[in-house]
Structures are given as structure tokens and as C-alpha cells.
$ cat model.cif   # mmCIF, C-alpha atoms
data_data
loop_
_atom_site.label_atom_id
_atom_site.label_comp_id
_atom_site.auth_asym_id
_atom_site.auth_seq_id
_atom_site.Cartn_x
_atom_site.Cartn_y
_atom_site.Cartn_z
CA MET A 1 0.00 0.00 0.00
CA LYS A 2 2.88 2.34 0.84
CA LYS A 3 4.46 1.68 -2.57
CA ILE A 4 1.20 2.54 -4.34
CA ALA A 5 0.77 5.75 -2.34
CA LEU A 6 4.38 6.69 -2.98
CA SER A 7 3.98 6.05 -6.70
CA ILE A 8 0.87 8.25 -6.84
CA LEU A 9 2.65 11.02 -4.96
CA THR A 10 5.66 10.79 -7.27
CA LEU A 11 3.42 10.86 -10.35
CA SER A 12 1.56 13.90 -9.00
CA LEU A 13 4.82 15.74 -8.42
CA VAL A 14 6.09 14.89 -11.90
CA LEU A 15 2.83 15.98 -13.52
CA GLY A 16 2.86 19.20 -11.46
CA VAL A 17 6.38 20.04 -12.56
CA LYS A 18 5.55 19.18 -16.17
CA ALA A 19 2.47 21.42 -16.14
CA GLN A 20 4.49 24.25 -14.66
CA ASP A 21 7.20 23.77 -17.29
CA GLU A 22 4.60 23.85 -20.06
CA ASN A 23 3.35 27.22 -18.81
CA GLU A 24 6.87 28.69 -18.45
CA MET A 25 7.46 31.00 -21.38
CA ILE A 26 11.26 31.36 -21.30
CA GLU A 27 14.26 29.07 -21.27
CA ASN A 28 17.34 29.41 -19.10
CA GLY A 29 15.85 32.01 -16.76
CA SER A 30 18.78 31.75 -14.34
CA PHE A 31 21.54 31.81 -16.98
CA GLU A 32 22.75 28.32 -15.99
CA GLN A 33 23.11 26.93 -19.51
CA LEU A 34 26.24 28.26 -21.20
CA GLU A 35 27.81 27.82 -24.61
CA GLY A 36 31.42 28.98 -24.61
CA LYS A 37 33.48 30.78 -22.00
CA ILE A 38 33.19 34.17 -20.36
CA LYS A 39 36.40 35.97 -21.29
CA LYS A 40 35.48 39.64 -21.10
CA ALA A 41 32.77 42.19 -20.36
CA GLY A 42 29.59 42.04 -22.44
CA SER A 43 29.48 38.24 -22.70
CA ILE A 44 25.73 37.78 -22.14
CA GLU A 45 25.40 35.79 -25.35
CA VAL A 46 27.43 32.98 -23.76
CA ALA A 47 24.19 32.25 -21.85
CA VAL A 48 21.97 30.10 -24.05
CA ASP A 49 18.96 32.00 -25.50
CA TRP A 50 20.05 35.42 -24.18
CA MET A 51 21.38 38.46 -26.04
CA SER A 52 21.83 42.23 -25.83
CA PRO A 53 19.63 44.41 -28.07
CA THR A 54 21.94 47.45 -28.00
CA LYS A 55 25.54 48.13 -29.04
CA THR A 56 26.92 47.86 -25.50
CA SER A 57 26.29 44.31 -24.32
CA ALA A 58 25.21 43.20 -20.87
CA ASP A 59 27.58 41.22 -18.68
CA LEU A 60 27.41 37.60 -17.57
CA PHE A 61 28.85 36.21 -14.34
CA ALA A 62 29.37 32.51 -13.58
CA THR A 63 30.85 30.46 -10.77
CA SER A 64 32.72 28.41 -13.38
CA SER A 65 34.27 31.46 -15.05
CA LYS A 66 38.07 31.70 -14.91
CA SER A 67 37.88 35.41 -15.75
CA VAL A 68 37.16 38.24 -13.34
CA PHE A 69 33.47 37.96 -14.31
CA SER A 70 32.85 35.34 -11.69
CA VAL A 71 30.42 34.56 -8.86
CA PRO A 72 30.42 35.68 -6.11
CA ASN A 73 33.44 38.01 -6.62
CA ASN A 74 33.65 40.26 -9.67
CA PRO A 75 34.68 43.84 -10.55
CA TYR A 76 31.29 45.23 -9.49
CA GLY A 77 31.19 43.66 -6.04
CA LYS A 78 30.39 40.39 -4.31
CA GLU A 79 27.08 38.55 -4.47
CA GLU A 80 25.93 34.93 -4.52
CA ALA A 81 23.42 33.97 -7.20
CA HIS A 82 19.76 34.06 -6.25
CA GLU A 83 19.17 30.81 -8.13
CA GLY A 84 21.84 28.38 -9.33
CA GLU A 85 25.36 29.68 -9.86
CA ASN A 86 25.17 32.44 -12.49
CA TYR A 87 23.57 35.84 -13.12
CA ALA A 88 23.62 38.75 -15.56
CA GLY A 89 24.54 42.40 -15.00
CA ILE A 90 23.03 45.55 -16.55
CA THR A 91 23.34 49.34 -16.25
CA THR A 92 19.94 50.98 -15.75
CA PHE A 93 20.91 54.61 -15.07
CA SER A 94 23.95 56.87 -15.13
CA TYR A 95 24.45 60.47 -14.10
CA GLY A 96 24.25 62.62 -17.22
CA ASP A 97 24.02 59.46 -19.36
CA LYS A 98 27.80 59.10 -19.07
CA VAL A 99 27.59 55.28 -19.06
CA PRO A 100 25.45 53.55 -21.73
CA ARG A 101 22.50 51.56 -20.47
CA THR A 102 22.50 47.83 -21.11
CA TYR A 103 19.71 45.29 -21.46
CA VAL A 104 19.16 41.53 -21.57
CA SER A 105 16.68 39.98 -23.97
CA THR A 106 15.32 36.55 -24.89
CA LYS A 107 12.74 35.07 -27.23
CA LEU A 108 9.62 33.52 -25.68
CA LYS A 109 8.86 29.87 -26.32
CA THR A 110 5.61 30.81 -28.06
CA PRO A 111 3.97 34.15 -28.91
CA MET A 112 1.71 35.55 -26.21
CA ARG A 113 -2.02 35.27 -26.74
CA LYS A 114 -4.23 38.34 -26.54
CA GLY A 115 -6.06 38.79 -23.25
CA LEU A 116 -4.24 36.01 -21.41
CA LYS A 117 -2.41 36.75 -18.17
CA TYR A 118 1.23 36.01 -17.38
CA ALA A 119 2.97 36.07 -13.99
CA VAL A 120 6.32 37.82 -14.41
CA LYS A 121 9.10 37.66 -11.82
CA PHE A 122 12.78 38.49 -11.70
CA TYR A 123 15.29 39.43 -9.02
CA VAL A 124 17.68 42.38 -8.82
CA CYS A 125 20.59 43.31 -6.57
CA LEU A 126 22.42 46.64 -6.69
CA SER A 127 26.17 46.08 -7.06
CA GLU A 128 28.58 47.59 -4.55
CA GLY A 129 30.37 49.30 -7.43
CA SER A 130 27.39 51.56 -8.11
CA LYS A 131 27.48 55.23 -7.16
CA TYR A 132 23.74 55.38 -7.80
CA ALA A 133 20.58 53.34 -7.28
CA SER A 134 17.51 53.87 -9.44
CA ASN A 135 13.92 52.88 -10.04
CA ASN A 136 12.28 51.89 -13.36
CA VAL A 137 13.91 48.45 -13.44
CA ALA A 138 11.33 46.79 -15.66
CA ALA A 139 10.31 44.03 -18.05
CA ASN A 140 9.24 44.86 -21.61
CA PHE A 141 7.34 42.55 -23.97
CA SER A 142 7.46 43.26 -27.70
CA LYS A 143 6.41 41.71 -30.99
CA LYS A 144 9.76 42.51 -32.60
CA GLN A 145 13.22 42.18 -31.13
CA TRP A 146 14.73 45.49 -30.11
CA SER A 147 17.87 46.06 -32.17
CA ILE A 148 19.86 49.26 -31.77
CA ASP A 149 23.35 49.52 -33.23
CA GLU A 150 24.20 52.57 -31.12
CA ASN A 151 24.78 53.28 -27.44
CA LYS A 152 21.24 54.52 -26.98
CA SER A 153 18.62 53.75 -24.38
CA ILE A 154 15.53 51.75 -25.35
CA LEU A 155 12.55 54.00 -24.65
CA GLY A 156 9.35 52.00 -24.63
CA GLU A 157 6.68 50.45 -22.44
CA SER A 158 7.52 49.19 -18.96
CA SER A 159 5.25 46.14 -19.14
CA VAL A 160 5.98 45.04 -15.56
CA LEU A 161 7.43 47.25 -12.80
CA ASP A 162 7.72 47.01 -9.06
CA VAL A 163 4.26 47.93 -7.72
CA GLU A 164 5.58 51.09 -6.03
CA ASN A 165 8.42 51.50 -8.54
CA VAL A 166 10.87 51.89 -5.67
CA ILE A 167 14.54 52.74 -5.94
CA PHE A 168 16.32 49.42 -5.41
CA ASN A 169 19.18 50.43 -3.13
CA ALA A 170 20.01 47.17 -1.31
CA MET A 171 23.57 46.03 -2.03
CA PHE A 172 23.27 42.73 -0.16
CA GLY A 173 20.56 40.20 -0.99
CA TRP A 174 18.00 40.19 -3.80
CA ASP A 175 14.81 42.19 -4.36
CA GLN A 176 11.96 40.75 -6.38
CA VAL A 177 10.18 42.54 -9.22
CA CYS A 178 6.84 40.84 -9.66
CA GLY A 179 3.57 41.50 -11.46
CA VAL A 180 0.92 40.29 -13.88
CA TYR A 181 1.03 41.19 -17.57
CA THR A 182 -2.07 40.98 -19.77
CA ALA A 183 -0.95 40.26 -23.32
CA LYS A 184 -1.92 42.48 -26.21
CA GLY A 185 -1.31 39.54 -28.51
CA GLY A 186 1.67 38.42 -30.56
CA GLU A 187 4.46 39.45 -28.15
CA LYS A 188 7.51 37.27 -28.84
CA PHE A 189 10.36 38.87 -26.90
CA LEU A 190 11.17 39.73 -23.28
CA THR A 191 13.69 42.48 -22.51
CA LEU A 192 14.81 43.65 -19.05
CA GLY A 193 16.21 47.10 -18.25
CA ASN A 194 15.12 50.72 -17.90
CA PHE A 195 12.76 51.93 -20.63
CA SER A 196 12.15 55.46 -19.26
CA THR A 197 14.10 58.66 -19.80
CA ASN A 198 16.57 59.91 -17.21
CA THR A 199 14.16 62.74 -16.46
CA ASP A 200 11.48 60.21 -15.53
CA THR A 201 13.88 58.02 -13.56
CA LYS A 202 14.45 58.58 -9.84
CA SER A 203 17.95 58.01 -8.51
CA GLU A 204 19.76 57.98 -5.19
CA ARG A 205 23.47 58.55 -4.62
CA MET A 206 25.04 55.65 -2.75
CA LYS A 207 27.81 55.62 -0.18
CA LYS A 208 30.70 53.34 -1.11
CA PRO A 209 30.64 50.24 1.14
CA LYS A 210 33.72 49.68 3.26
CA THR A 211 33.88 46.11 1.95
CA PHE A 212 34.26 47.24 -1.68
CA THR A 213 37.80 48.19 -2.68
CA GLY A 214 37.23 48.59 -6.42
CA GLN A 215 36.42 51.67 -8.47
CA GLN A 216 32.77 52.73 -8.43
CA THR A 217 30.99 53.63 -11.65
CA VAL A 218 28.78 56.75 -11.99
CA SER A 219 25.79 54.53 -12.67
CA SER A 220 23.33 52.09 -11.15
CA TYR A 221 24.51 48.61 -12.03
CA TYR A 222 22.25 45.70 -11.13
CA TYR A 223 22.77 41.97 -11.01
CA ILE A 224 19.77 40.18 -12.60
CA ASP A 225 18.72 36.58 -11.88
CA ASP A 226 15.93 34.01 -11.65
CA ILE A 227 13.63 35.30 -14.39
CA SER A 228 10.30 33.63 -15.10
CA VAL A 229 7.22 34.30 -17.22
CA VAL A 230 4.39 31.86 -16.50
CA LEU A 231 0.97 31.63 -18.16
CA ILE A 232 -1.75 31.78 -15.48
CA GLU A 233 -5.54 31.61 -15.45
CA ASP A 234 -6.11 34.13 -12.66
CA GLU A 235 -4.09 36.94 -11.07
CA SER A 236 -4.33 35.18 -7.68
CA GLU A 237 -1.89 32.58 -9.05
CA CYS A 238 0.88 35.20 -9.16
CA LYS A 239 2.60 34.91 -5.78
CA CYS A 240 4.86 37.88 -5.11
CA ASP A 241 7.18 38.24 -2.12
CA SER A 242 5.08 40.98 -0.58
CA ASP A 243 1.90 42.94 -1.00
CA LYS A 244 3.47 46.27 -1.97
CA THR A 245 0.18 48.14 -1.59
CA GLU A 246 0.49 47.67 2.19
CA VAL A 247 4.18 48.53 2.50
CA THR A 248 5.42 51.61 4.33
CA SER A 249 8.68 53.22 3.28
CA THR A 250 9.61 54.11 6.87
CA VAL A 251 12.94 52.67 8.01
CA TYR A 252 14.04 53.35 11.59
CA SER A 253 17.73 54.06 12.12
CA SER A 254 20.15 54.91 14.91
CA ALA A 255 23.82 55.84 15.05
CA PRO A 256 26.32 52.99 15.53
CA VAL A 257 27.53 52.43 19.09
CA ASN A 258 30.90 54.00 19.95
CA PRO A 259 32.77 50.92 21.25
CA GLU A 260 35.41 52.89 23.17
CA GLY A 261 35.42 51.78 26.82
CA MET A 262 32.61 49.25 26.32
CA THR A 263 32.79 45.49 26.81
CA PRO A 264 31.86 43.26 23.83
CA GLU A 265 28.66 42.22 25.61
CA MET A 266 27.61 45.85 26.08
CA ILE A 267 28.33 46.70 22.44
CA ALA A 268 26.19 43.76 21.29
CA LYS A 269 23.40 44.63 23.74
CA PHE A 270 23.06 48.19 22.45
CA THR A 271 23.40 47.32 18.76
CA ALA A 272 20.45 46.74 16.41
CA ILE A 273 19.86 47.05 12.69
CA TYR A 274 16.52 47.84 11.09
CA PHE A 275 14.79 46.86 7.85
CA ALA A 276 12.33 48.23 5.32
CA SER A 277 8.90 46.60 5.43
CA ASN A 278 8.87 43.17 3.78
CA LYS A 279 12.45 43.65 2.51
CA PRO A 280 15.23 41.16 3.37
CA GLY A 281 18.19 43.32 2.31
CA ILE A 282 20.43 45.39 4.58
CA GLU A 283 19.56 49.07 4.27
CA SER A 284 22.22 51.62 3.37
CA GLY A 285 23.80 53.13 6.49
CA GLN A 286 23.58 49.97 8.63
CA GLU A 287 27.14 48.85 7.89
CA GLY A 288 28.67 50.67 10.88
CA HIS A 289 26.58 48.59 13.30
CA LEU A 290 27.65 45.35 11.63
CA ASP A 291 31.29 46.41 11.48
CA ASN A 292 31.28 46.74 15.28
CA ILE A 293 29.90 43.22 15.63
CA ALA A 294 32.40 41.86 13.10
CA ASP A 295 35.29 43.44 15.03
CA ILE A 296 34.15 41.72 18.22
CA MET A 297 33.93 38.32 16.52
CA LEU A 298 37.31 38.68 14.83
CA THR A 299 39.14 39.70 18.02
CA ASN A 300 37.37 37.16 20.27
CA ALA A 301 37.60 33.72 18.71
CA ASP A 302 35.71 32.03 21.57
CA TYR A 303 32.51 34.03 21.05
CA LYS A 304 29.44 32.71 19.26
CA LEU A 305 26.77 35.04 17.93
CA THR A 306 22.98 34.69 17.95
CA LEU A 307 20.90 36.92 15.68
CA LYS A 308 17.55 37.60 17.35
CA ILE A 309 15.34 38.42 14.36
CA HIS A 310 12.11 40.38 14.94
CA LEU A 311 9.27 41.07 12.48
CA ASP A 312 6.44 43.57 12.71
CA THR A 313 2.83 42.42 13.03
CA ASP A 314 2.01 43.13 9.37
CA GLU A 315 4.90 40.97 8.16
CA VAL A 316 3.87 38.06 10.40
CA ALA A 317 0.28 38.28 9.13
CA ASN A 318 1.25 38.57 5.45
CA PRO A 319 0.95 35.12 3.79
CA LYS A 320 2.91 36.35 0.75
CA VAL A 321 6.08 36.84 2.82
CA GLU A 322 7.76 33.49 3.36
CA GLU A 323 10.76 33.04 5.66
CA LEU A 324 11.45 36.78 5.67
CA ASP A 325 13.17 36.50 9.05
CA LYS A 326 15.53 33.82 7.76
CA LEU A 327 16.31 35.87 4.65
CA ARG A 328 17.18 38.88 6.81
CA GLY A 329 19.38 36.68 8.97
CA GLU A 330 21.14 35.36 5.89
CA SER A 331 21.77 38.91 4.66
CA VAL A 332 23.45 39.83 7.95
CA LYS A 333 25.34 36.54 8.07
CA LYS A 334 26.61 37.09 4.53
CA TYR A 335 27.84 40.57 5.43
CA LEU A 336 29.66 39.33 8.53
CA LYS A 337 31.21 36.48 6.54
CA SER A 338 32.46 39.03 4.00
CA LYS A 339 34.33 40.67 6.89
CA GLY A 340 35.99 37.37 7.79
CA VAL A 341 33.63 35.98 10.47
CA GLU A 342 33.11 32.20 10.22
CA GLY A 343 29.52 31.36 9.34
CA GLY A 344 29.48 28.41 11.75
CA ARG A 345 29.70 30.81 14.68
CA ILE A 346 26.42 32.50 13.77
CA THR A 347 22.94 31.14 14.61
CA PHE A 348 19.40 32.52 14.25
CA ASP A 349 16.64 32.96 16.85
CA LEU A 350 13.36 33.70 15.02
CA MET A 351 11.33 35.92 17.34
CA LYS A 352 8.50 36.77 14.90
CA ASP A 353 6.49 39.59 16.62
CA SER A 354 6.67 38.09 20.13
CA LYS A 355 8.71 40.92 21.71
CA PRO A 356 7.91 44.23 20.03
CA LYS A 357 10.08 47.23 20.82
CA ALA A 358 7.07 49.51 20.29
CA LYS A 359 3.39 48.57 20.62
CA ALA A 360 1.64 51.47 18.88
CA ASP A 361 -0.10 50.80 15.55
CA THR A 362 1.93 53.42 13.63
CA ASP A 363 4.46 53.28 10.81
CA LEU A 364 7.24 54.41 13.13
CA ALA A 365 6.40 51.81 15.78
CA LYS A 366 6.36 49.04 13.20
CA ALA A 367 9.66 50.28 11.77
CA LYS A 368 11.24 49.98 15.24
CA ASN A 369 10.02 46.38 15.46
CA ARG A 370 11.62 45.28 12.17
CA ARG A 371 15.04 44.62 13.65
CA ILE A 372 17.85 42.22 14.42
CA LYS A 373 19.50 42.23 17.84
CA PHE A 374 22.80 40.54 18.71
CA VAL A 375 23.62 38.18 21.60
CA LEU A 376 27.13 36.94 22.39
CA SER A 377 27.85 33.65 24.13
CA LYS A 378 30.82 31.38 24.83
#

$ encode --input "model.cif" --output "C-alpha cells"
Amino acid sequence: MKKIALSILTLSLVLGVKAQDENEMIENGSFEQLEGKIKKAGSIEVAVDWMSPTKTSADLFATSSKSVFSVPNNPYGKEEAHEGENYAGITTFSYGDKVPRTYVSTKLKTPMRKGLKYAVKFYVCLSEGSKYASNNVAANFSKKQWSIDENKSILGESSVLDVENVIFNAMFGWDQVCGVYTAKGGEKFLTLGNFSTNTDTKSERMKKPKTFTGQQTVSSYYYIDDISVVLIEDESECKCDSDKTEVTSTVYSSAPVNPEGMTPEMIAKFTAIYFASNKPGIESGQEGHLDNIADIMLTNADYKLTLKIHLDTDEVANPKVEELDKLRGESVKKYLKSKGVEGGRITFDLMKDSKPKAKADTDLAKAKNRRIKFVLSK
């Protein structure tokens, strides 16, 4: 009886995966399939089924690459892939258009059918080598392949944008762009990039991270990974990481502790970092707090570190946010590891919303509750 049940379960899983694959509209969405070697910048066409539609080609990064265009370390910074071992890199904005924008493009398996709905998802991460962050990171669907032989921007429709079209300024971890596209009919190509003018693009100047020793570019340069376009019957089938219509932009912050004259335990006790609502990435300006913790761990080899990870009530109640606390913990752990701290010395304590710092039902109170505290032990 167990064998029969197991066989039915296995068959169901296989059929489920097959049905999902049949509805997936693109191949090689995580750039894992390669033909050739990455030897220089602009090698996106080494990834099977991907190309650049403008004169300046997008970059490709791979764990297997023997060149500097590798994963996780490359000239633009350090980042693990969101899915698999590879990802692409594009420029979406530059101050005064000094650096040409780049795009990645692929042909859909079949043309889109008019009126049908498609769930579109992809992930972005701002590189540490960017002097700017920007919004308008979008997907464009077109009947004809964009083909521009000059270093010009593609100005067209942003078919799918972040719901609030935020400026993606997180340099550690990945942000999801997610939405539903209703086909006009006959679209054959997907292109990712910025399709708006500089005037219509919001930007934010970024502080150079202490961990990045390379030369920053006067642009916003994003890693791109884990792209999918899936045919769906109803918009409810599109599961995004968060319900952006309920997200506040408030992020609480405090100055890093001055460690002079303080014991390691006191420094840890009075240190906390805070997060944007439903976002797993470390916010700009939090590095000083983490640098203090890293210094403690590097100068005291017998210490172990527990990350006490707190969510606000909205995040706990949001069914579209899965394992957000773990993702935040991983972002902090990754940063500390980049400073030389051994990952095996770091553990997580998932507090959910059990011990709020503030109990009022306000944006500021919730922002204070979205935090990670640090506990040292021997």
C-alpha cells in the first residue's frame, strides 16, 4: 500500500512540474546553460537563448568562469546567485548618461495570446560598485526584437514594474520585481532594463561600502537573476514576495555604538539594525553597526553570535512573505562572513512579533520592530 501511495505522490509531483514547465514561457531564466566561455565584459550571449539588443552588451557572471566575471566576486562587487550559480549584470541609469545603459533579452517559447495573463518575476541586486541606485527596473514585452546599433537607451513600455516602482538600493541580498502582464497579442520577446528617460527616472546617490575596494561607476549597475514568465488563469496565481500596496517606506535608524570603553557584551546589547517593510536586504547606512559586531567576533575567537530576528505584526500576518526573518538573517550573516567571520559561529533565533520594541499601531512603531538584535555567548 505504501508503494502505491508513494507512486501516486511521485506521479503527481512529476505531472505538477511538467504542467508548470509547459506554462513557463522562457528558457534558461537563471543563466545556468552556457555555450562557450566568459572571457570579457559584455558576454551575455554565452548564456543560451540570451542576447543584448543594444551596441553595448550586458555582462554575464558565472561560478565556473576563470575570468574576473565570476560569482560571487567580480569587478562590481560580491554577491551569490539568487538561483543556481550564475547571473547577468546591466546598467539601468547613469548620471548625465555618461555610461550607456545595457539590457538583456530573450525570445519567448511561443507568442503571447491576446487577453491572457502572465505572472512575471525576476530578481535584482544593486552592485557595490554603483554610485547610484535607481527605479524603473522593468520588463518589456514586444512583438519585434529590439535592435539598436548605437549606445542609446531603449525607450518604450515598462510592461511590468515594481508595484511602487521603488529605488532598489540594497547592495546585499536580492529584491523581487513581480507582477501580472495581460498580453496584447503576438508578443515574442522579453527584454529587461530601464525603458524610461533619465528625467522620468528617480535616482539615489550611494555611499561606497567599506567592503568594496574597487572603483565605483557613476551609474546604477544591477545583477539580474531568476527570471520567469508563467501563463496563469487568474491573477491570484501570481505569488509575489510581498503585497506592496500595504508597505510603508519608513525605516528606523540609529547611530552605531561608539565601542570605546565598552565590553563586547555591552556593544552587542546596544546594537540593532533595522529593515524596510517586507524587505530582506540590509539598508544603506547599517554597515557601521555590523562592522562593530564583526570586530568583536574577529578579536574574540571564543565568542558565538545569535541573531535575534524580529518582524512587525504586518509581516507576520502577510501570507505572501515566506521566511522573511531567515532571509534577513542570511543577509546579515553574509555581510559578517564578507568581513571574515566564520559562518558556523552564527545562529538565528526567530522571534517573529513576540517581543515588540514599540506597541503602537503606527508606521514608526512598526519600523522599530523590524530589527535584528545581537547576543554573544561562549

$ residues_around --input "model.cif" --residues "Val137 of chain A" --least-positions-apart "4" --cutoff "12 Å" --atoms "all atoms listed in the file" --output "PDB file with C-alpha atoms, keeping the file's coordinate frame"
ATOM      1  CA  ILE A  90      23.030  45.550 -16.550  1.00  0.00           C
ATOM      2  CA  THR A  91      23.340  49.340 -16.250  1.00  0.00           C
ATOM      3  CA  THR A  92      19.940  50.980 -15.750  1.00  0.00           C
ATOM      4  CA  PHE A  93      20.910  54.610 -15.070  1.00  0.00           C
ATOM      5  CA  ARG A 101      22.500  51.560 -20.470  1.00  0.00           C
ATOM      6  CA  THR A 102      22.500  47.830 -21.110  1.00  0.00           C
ATOM      7  CA  TYR A 103      19.710  45.290 -21.460  1.00  0.00           C
ATOM      8  CA  VAL A 104      19.160  41.530 -21.570  1.00  0.00           C
ATOM      9  CA  LYS A 121       9.100  37.660 -11.820  1.00  0.00           C
ATOM     10  CA  PHE A 122      12.780  38.490 -11.700  1.00  0.00           C
ATOM     11  CA  TYR A 123      15.290  39.430  -9.020  1.00  0.00           C
ATOM     12  CA  VAL A 124      17.680  42.380  -8.820  1.00  0.00           C
ATOM     13  CA  CYS A 125      20.590  43.310  -6.570  1.00  0.00           C
ATOM     14  CA  LEU A 126      22.420  46.640  -6.690  1.00  0.00           C
ATOM     15  CA  ALA A 133      20.580  53.340  -7.280  1.00  0.00           C
ATOM     16  CA  GLU A 157       6.680  50.450 -22.440  1.00  0.00           C
ATOM     17  CA  SER A 158       7.520  49.190 -18.960  1.00  0.00           C
ATOM     18  CA  SER A 159       5.250  46.140 -19.140  1.00  0.00           C
ATOM     19  CA  VAL A 160       5.980  45.040 -15.560  1.00  0.00           C
ATOM     20  CA  LEU A 161       7.430  47.250 -12.800  1.00  0.00           C
ATOM     21  CA  ASP A 162       7.720  47.010  -9.060  1.00  0.00           C
ATOM     22  CA  VAL A 163       4.260  47.930  -7.720  1.00  0.00           C
ATOM     23  CA  GLU A 164       5.580  51.090  -6.030  1.00  0.00           C
ATOM     24  CA  ASN A 165       8.420  51.500  -8.540  1.00  0.00           C
ATOM     25  CA  VAL A 166      10.870  51.890  -5.670  1.00  0.00           C
ATOM     26  CA  ILE A 167      14.540  52.740  -5.940  1.00  0.00           C
ATOM     27  CA  PHE A 168      16.320  49.420  -5.410  1.00  0.00           C
ATOM     28  CA  ASN A 169      19.180  50.430  -3.130  1.00  0.00           C
ATOM     29  CA  ASP A 175      14.810  42.190  -4.360  1.00  0.00           C
ATOM     30  CA  GLN A 176      11.960  40.750  -6.380  1.00  0.00           C
ATOM     31  CA  VAL A 177      10.180  42.540  -9.220  1.00  0.00           C
ATOM     32  CA  CYS A 178       6.840  40.840  -9.660  1.00  0.00           C
ATOM     33  CA  THR A 191      13.690  42.480 -22.510  1.00  0.00           C
ATOM     34  CA  LEU A 192      14.810  43.650 -19.050  1.00  0.00           C
ATOM     35  CA  GLY A 193      16.210  47.100 -18.250  1.00  0.00           C
ATOM     36  CA  ASN A 194      15.120  50.720 -17.900  1.00  0.00           C
ATOM     37  CA  PHE A 195      12.760  51.930 -20.630  1.00  0.00           C
ATOM     38  CA  SER A 196      12.150  55.460 -19.260  1.00  0.00           C
ATOM     39  CA  THR A 201      13.880  58.020 -13.560  1.00  0.00           C
ATOM     40  CA  LYS A 202      14.450  58.580  -9.840  1.00  0.00           C
ATOM     41  CA  SER A 203      17.950  58.010  -8.510  1.00  0.00           C
ATOM     42  CA  SER A 220      23.330  52.090 -11.150  1.00  0.00           C
ATOM     43  CA  TYR A 221      24.510  48.610 -12.030  1.00  0.00           C
ATOM     44  CA  TYR A 222      22.250  45.700 -11.130  1.00  0.00           C
ATOM     45  CA  TYR A 223      22.770  41.970 -11.010  1.00  0.00           C
ATOM     46  CA  ILE A 224      19.770  40.180 -12.600  1.00  0.00           C
TER      47      ILE A 224
END

$ closest_residue --input "model.cif" --among "A:Gly115, A:Gly214, A:Gly179, A:Gly173" --to "Glu80 of chain A" --atoms "all atoms listed in the file"
A:Gly173

$ closest_residue --input "model.cif" --among "A:Thr110, A:Asn86, A:Gln145, A:Asn258" --to "Ser70 of chain A" --atoms "all atoms listed in the file"
A:Asn86

$ resolve_selection --input "model.cif" --expression "the PyMOL selection byres ((chain A and resi 77) around 6)" --output "PyMOL selection string"
chain A and resi 74-76+78+127-129

$ write_last_selection --input "model.cif" --atoms "C-alpha atoms" --output "PDB file, in the frame of the given file"
ATOM      1  CA  ASN A  74      33.650  40.260  -9.670  1.00  0.00           C
ATOM      2  CA  PRO A  75      34.680  43.840 -10.550  1.00  0.00           C
ATOM      3  CA  TYR A  76      31.290  45.230  -9.490  1.00  0.00           C
ATOM      4  CA  LYS A  78      30.390  40.390  -4.310  1.00  0.00           C
ATOM      5  CA  SER A 127      26.170  46.080  -7.060  1.00  0.00           C
ATOM      6  CA  GLU A 128      28.580  47.590  -4.550  1.00  0.00           C
ATOM      7  CA  GLY A 129      30.370  49.300  -7.430  1.00  0.00           C
TER       8      GLY A 129
END

$ residues_around --input "model.cif" --residues "segment 51-58 of chain A" --least-positions-apart "6" --cutoff "10 Å" --atoms "all atoms listed in the file" --output "number ranges by chain"
A: 41-45, 88-91, 99-107, 145-154, 191-192
